[in-house]
Structure formats: structure tokens, C-alpha cells
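The structure appears right after this line, and notes come after that.
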Amino acid sequence: MRIITLLAASLLTMTNPLHASELPENQVDAGKVNAQGKPVTLLGQGVKVGDTAPDFKVVDGNFVPVTLANYQGKPVLISVVPSLDTGICSLQTKYFNEKVAKEYAGVAMLTISADLPFAQKRFCKTENIDQIDTLSDSVWRDFGAKYGLYIKDMGLLSRAVLVLDKDHKVVYKQLVSNLASEPDYQGAIEALKQL
């Protein structure tokens with residue numbers, strides 16, 4: 001209990017998290033995602049292929065801040081999932097961990113969700129996720145805001161896959177149109193082959 005209290009106190013001294021009401025609607029990806037047949041509204045700036053990927057701040061399993069700058073000079077694959085504790089998100093994360101990460105060892109592989117770091121750590125231990133960095137956007141909502149992937153009224157991130165080259169230019173973006181569907185893994189792999 002003392003550790004949780006200390007963590008909470010240290011997080012309060014950091015930048016306050018964004019509230020959904022402060023975020024603009026993502027005009028880049030408006031109308032492109034649905035959940036259970038109904039459109040969802042994405043909040044934040046949004047990015048396009050060809051953009052320089054915005055830096056972001058998330059936390060790892062120990063609440064240590066991690067930014068895109070931590071991967072400077074390396075290509076990056078970012079697998080974005082709503083919640084690791086759901087079937088499709090689990091499959092997506094395991095696929096990149098087991099079938100892609102070893103093949104592309106020179107690429108930083110990240111999974112980002114809005115799950116708390118405690119839940120992510122438990123999931124990774126249970127599912128033997130050890131080839132990718134699992135990061136949480138639950139503290140500041142900075143990643144979701146800068147990439148336009150924060151789902152209004154859900155507190156989750158939309159499912160997506162992004163590939164950044166070594167200069168962190170977006171060379172591939174897949175916004176999965178149905179939250180309940182897996183991404184097109186082959187499309188992401190083809191983008192990795194071009195790096």
C-alpha cells in the first residue's frame with residue numbers, strides 16, 4: 001500500500017493528465033472507426049503518413065516516463081490496443097511479440113494502451129511478452145492526444161499500427177476500422193521490409 005501511495009504522490013508532482021474535454025476532435029481520421037457497428041469519435045491531433053511522428057510521454061511498468069526520443073535513431077513499430085485484457089488486443093500483442101519482433105530485431109517494438117502499468121505488467125508476465133516494450137498512456141494521455149487515437153467517452157485508445165523510420169517519419173499507418181478486428185499484420189510487415 002505504501003508503494004502505491006508513493007507512486008501516486010510522485011505522479012501528482014508530474015504534469016497533470018489531459019482531460020477529454022480539452023482535446024479537439026481528430027479531423028484526420030474522423031468517421032474511420034466504429035465499435036459494435038456505431039461510429040466512435042477520436043480525439044487529438046492525428047498523424048498522416050509522411051508526418052514526423054510527434055514525441056510523446058508514456059510510462060513503463062514501473063511508472064518510469066518513456067518518450068519517443070528514447071528510441072532515437074531506431075525505426076519503431078507502435079502497436080496500439082484498447083486494452084490488453086481483451087481477446088483481440090491480446091492476440092495482436094502476442095503476434096508482434098512472437099512473430100515479428102525476432103525477425104526485425106533492429107526495430108523498436110512498442111505496444112501502447114491506456115491500461116494501468118500494473119495490469120500491463122501482469123499481462124506480460126502471464127503471456128510471456130518479452131520481445132516488445134509495453135507502455136501505458138494512462139497517466140498523461142499524451143500519446144493518444146498527439147496521435148489522435150483517444151476514444152471519446154471510453155477512456156481507451158483506438159486500435160492502430162504505425163511504423164516509423166529511423167528518423168521517426170511515419171511511413172505506415174493502419175487505423176483499424178472495427179475495434180473488434182485484428183489489424184492487417186501483413187501490411188505492417190511489408191512496411192518493415194521497406195525500412
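Starting from 1 in every chain, residues are counted up; chains themselves are A, B, ... following the order of the C-alpha cells, and ligands are numbered from 1 as listed.
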
DSSP on the backbone, strand (DSSP E) only: what residues of region 6-150 of chain A does that give? Format it as a count of residues only. 28

I'd like the neighbourhood of Leu195 (chain A) as a short mmCIF file (atom, residue, chain, number, x, y, z; two decimals) with N, CA and C atoms, in the first residue's frame, where a residue qualifies if any of its atoms comes within 12 Å (using only C-alpha atoms), though same-chain residues fewer than 3 positions away should be ignored.
```cif
data_model
loop_
_atom_site.label_atom_id
_atom_site.label_comp_id
_atom_site.auth_asym_id
_atom_site.auth_seq_id
_atom_site.Cartn_x
_atom_site.Cartn_y
_atom_site.Cartn_z
N LYS A 74 16.44 4.82 -34.21
CA LYS A 74 15.94 3.47 -34.48
C LYS A 74 14.57 3.54 -35.14
N PRO A 75 14.31 2.66 -36.11
CA PRO A 75 12.93 2.55 -36.58
C PRO A 75 12.05 2.01 -35.45
N VAL A 76 10.77 2.34 -35.51
CA VAL A 76 9.85 1.96 -34.43
C VAL A 76 8.55 1.44 -35.02
N LEU A 77 8.06 0.33 -34.48
CA LEU A 77 6.70 -0.14 -34.76
C LEU A 77 5.89 0.11 -33.49
N TYR A 104 12.68 -8.72 -36.82
CA TYR A 104 13.11 -7.34 -37.03
C TYR A 104 13.74 -6.80 -35.75
N GLY A 106 16.25 -5.03 -35.17
CA GLY A 106 16.73 -3.66 -35.21
C GLY A 106 15.64 -2.62 -35.08
N VAL A 107 14.39 -3.08 -35.00
CA VAL A 107 13.25 -2.17 -34.89
C VAL A 107 12.74 -2.19 -33.45
N VAL A 163 4.29 2.52 -38.28
CA VAL A 163 5.70 2.21 -38.48
C VAL A 163 6.41 3.53 -38.76
N LEU A 164 7.48 3.77 -38.00
CA LEU A 164 8.28 4.97 -38.15
C LEU A 164 9.68 4.58 -38.62
N ASP A 165 10.24 5.34 -39.54
CA ASP A 165 11.61 5.06 -39.97
C ASP A 165 12.59 5.54 -38.91
N LYS A 166 13.89 5.40 -39.17
CA LYS A 166 14.89 5.74 -38.14
C LYS A 166 14.88 7.23 -37.79
N ASP A 167 14.35 8.06 -38.67
CA ASP A 167 14.23 9.49 -38.37
C ASP A 167 12.87 9.82 -37.75
N HIS A 168 12.10 8.79 -37.49
CA HIS A 168 10.76 8.87 -36.88
C HIS A 168 9.75 9.60 -37.77
N LYS A 169 9.88 9.39 -39.05
CA LYS A 169 8.87 9.81 -40.01
C LYS A 169 7.86 8.67 -40.12
N VAL A 170 6.58 9.00 -40.16
CA VAL A 170 5.54 7.97 -40.27
C VAL A 170 5.56 7.42 -41.70
N VAL A 171 5.93 6.15 -41.84
CA VAL A 171 5.97 5.54 -43.18
C VAL A 171 4.79 4.59 -43.40
N TYR A 172 4.09 4.26 -42.32
CA TYR A 172 2.94 3.35 -42.43
C TYR A 172 1.99 3.67 -41.29
N ALA A 188 1.72 -4.26 -42.10
CA ALA A 188 2.77 -3.75 -41.21
C ALA A 188 4.11 -4.40 -41.53
N ILE A 189 4.09 -5.70 -41.79
CA ILE A 189 5.33 -6.42 -42.10
C ILE A 189 5.93 -5.91 -43.41
N GLU A 190 5.10 -5.66 -44.40
CA GLU A 190 5.59 -5.10 -45.67
C GLU A 190 6.25 -3.75 -45.45
N ALA A 191 5.68 -2.93 -44.57
CA ALA A 191 6.30 -1.63 -44.25
C ALA A 191 7.65 -1.82 -43.57
N LEU A 192 7.74 -2.81 -42.68
CA LEU A 192 9.02 -3.09 -42.01
C LEU A 192 10.07 -3.53 -43.01
#
```

From a DSSP pass on the backbone, collect the residues of chain A flagged as alpha helix (DSSP H) and hand them back as a ChimeraX atom specification. /A:2-12,87-95,117-127,142-147,185-193

Dump as JSON lines the rows for residues of region 85-178 of chain A within 9 Å of region 49-73 of chain A: closest atom pair and distance in Å with one decimal, only C-alpha atoms counted, ordered by chain and rising residue number.
```
{"residue": "A:Ala108", "atom": "CA", "partner": "A:Tyr71", "partner_atom": "CA", "distance": 7.0}
{"residue": "A:Ile112", "atom": "CA", "partner": "A:Val58", "partner_atom": "CA", "distance": 8.4}
{"residue": "A:Leu116", "atom": "CA", "partner": "A:Gly61", "partner_atom": "CA", "distance": 8.4}
{"residue": "A:Pro117", "atom": "CA", "partner": "A:Gly61", "partner_atom": "CA", "distance": 4.6}
{"residue": "A:Phe118", "atom": "CA", "partner": "A:Gly61", "partner_atom": "CA", "distance": 6.4}
{"residue": "A:Ala119", "atom": "CA", "partner": "A:Gly61", "partner_atom": "CA", "distance": 8.7}
{"residue": "A:Gln120", "atom": "CA", "partner": "A:Gly61", "partner_atom": "CA", "distance": 6.8}
{"residue": "A:Lys121", "atom": "CA", "partner": "A:Gly61", "partner_atom": "CA", "distance": 5.7}
{"residue": "A:Asp133", "atom": "CA", "partner": "A:Asp60", "partner_atom": "CA", "distance": 7.9}
{"residue": "A:Thr134", "atom": "CA", "partner": "A:Asp60", "partner_atom": "CA", "distance": 6.7}
{"residue": "A:Leu135", "atom": "CA", "partner": "A:Asp60", "partner_atom": "CA", "distance": 4.9}
{"residue": "A:Ser136", "atom": "CA", "partner": "A:Val59", "partner_atom": "CA", "distance": 5.3}
{"residue": "A:Asp137", "atom": "CA", "partner": "A:Val58", "partner_atom": "CA", "distance": 5.0}
{"residue": "A:Ser138", "atom": "CA", "partner": "A:Val58", "partner_atom": "CA", "distance": 7.7}
{"residue": "A:Val139", "atom": "CA", "partner": "A:Val58", "partner_atom": "CA", "distance": 7.1}
{"residue": "A:Trp140", "atom": "CA", "partner": "A:Val58", "partner_atom": "CA", "distance": 7.1}
{"residue": "A:Arg141", "atom": "CA", "partner": "A:Val58", "partner_atom": "CA", "distance": 7.8}
{"residue": "A:Asp142", "atom": "CA", "partner": "A:Phe56", "partner_atom": "CA", "distance": 5.8}
{"residue": "A:Phe143", "atom": "CA", "partner": "A:Phe56", "partner_atom": "CA", "distance": 5.2}
{"residue": "A:Gly144", "atom": "CA", "partner": "A:Phe56", "partner_atom": "CA", "distance": 8.9}
{"residue": "A:Lys146", "atom": "CA", "partner": "A:Pro54", "partner_atom": "CA", "distance": 6.6}
{"residue": "A:Tyr147", "atom": "CA", "partner": "A:Pro54", "partner_atom": "CA", "distance": 7.6}
{"residue": "A:Leu164", "atom": "CA", "partner": "A:Ala53", "partner_atom": "CA", "distance": 7.4}
{"residue": "A:Asp165", "atom": "CA", "partner": "A:Gly73", "partner_atom": "CA", "distance": 8.6}
{"residue": "A:Lys166", "atom": "CA", "partner": "A:Gly73", "partner_atom": "CA", "distance": 4.9}
{"residue": "A:Asp167", "atom": "CA", "partner": "A:Gly73", "partner_atom": "CA", "distance": 6.1}
{"residue": "A:His168", "atom": "CA", "partner": "A:Ala53", "partner_atom": "CA", "distance": 5.6}
{"residue": "A:Lys169", "atom": "CA", "partner": "A:Thr52", "partner_atom": "CA", "distance": 4.3}
{"residue": "A:Val170", "atom": "CA", "partner": "A:Val49", "partner_atom": "CA", "distance": 4.9}
{"residue": "A:Val171", "atom": "CA", "partner": "A:Val49", "partner_atom": "CA", "distance": 5.4}
{"residue": "A:Tyr172", "atom": "CA", "partner": "A:Val49", "partner_atom": "CA", "distance": 5.9}
{"residue": "A:Lys173", "atom": "CA", "partner": "A:Val49", "partner_atom": "CA", "distance": 6.3}
```

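For the choices A:Lys193, A:Pro183, A:Gln174, A:Leu42, the atom-to-atom distance to Glu103 (chain A) is smallest for A:Lys193 when using only C-alpha atoms.
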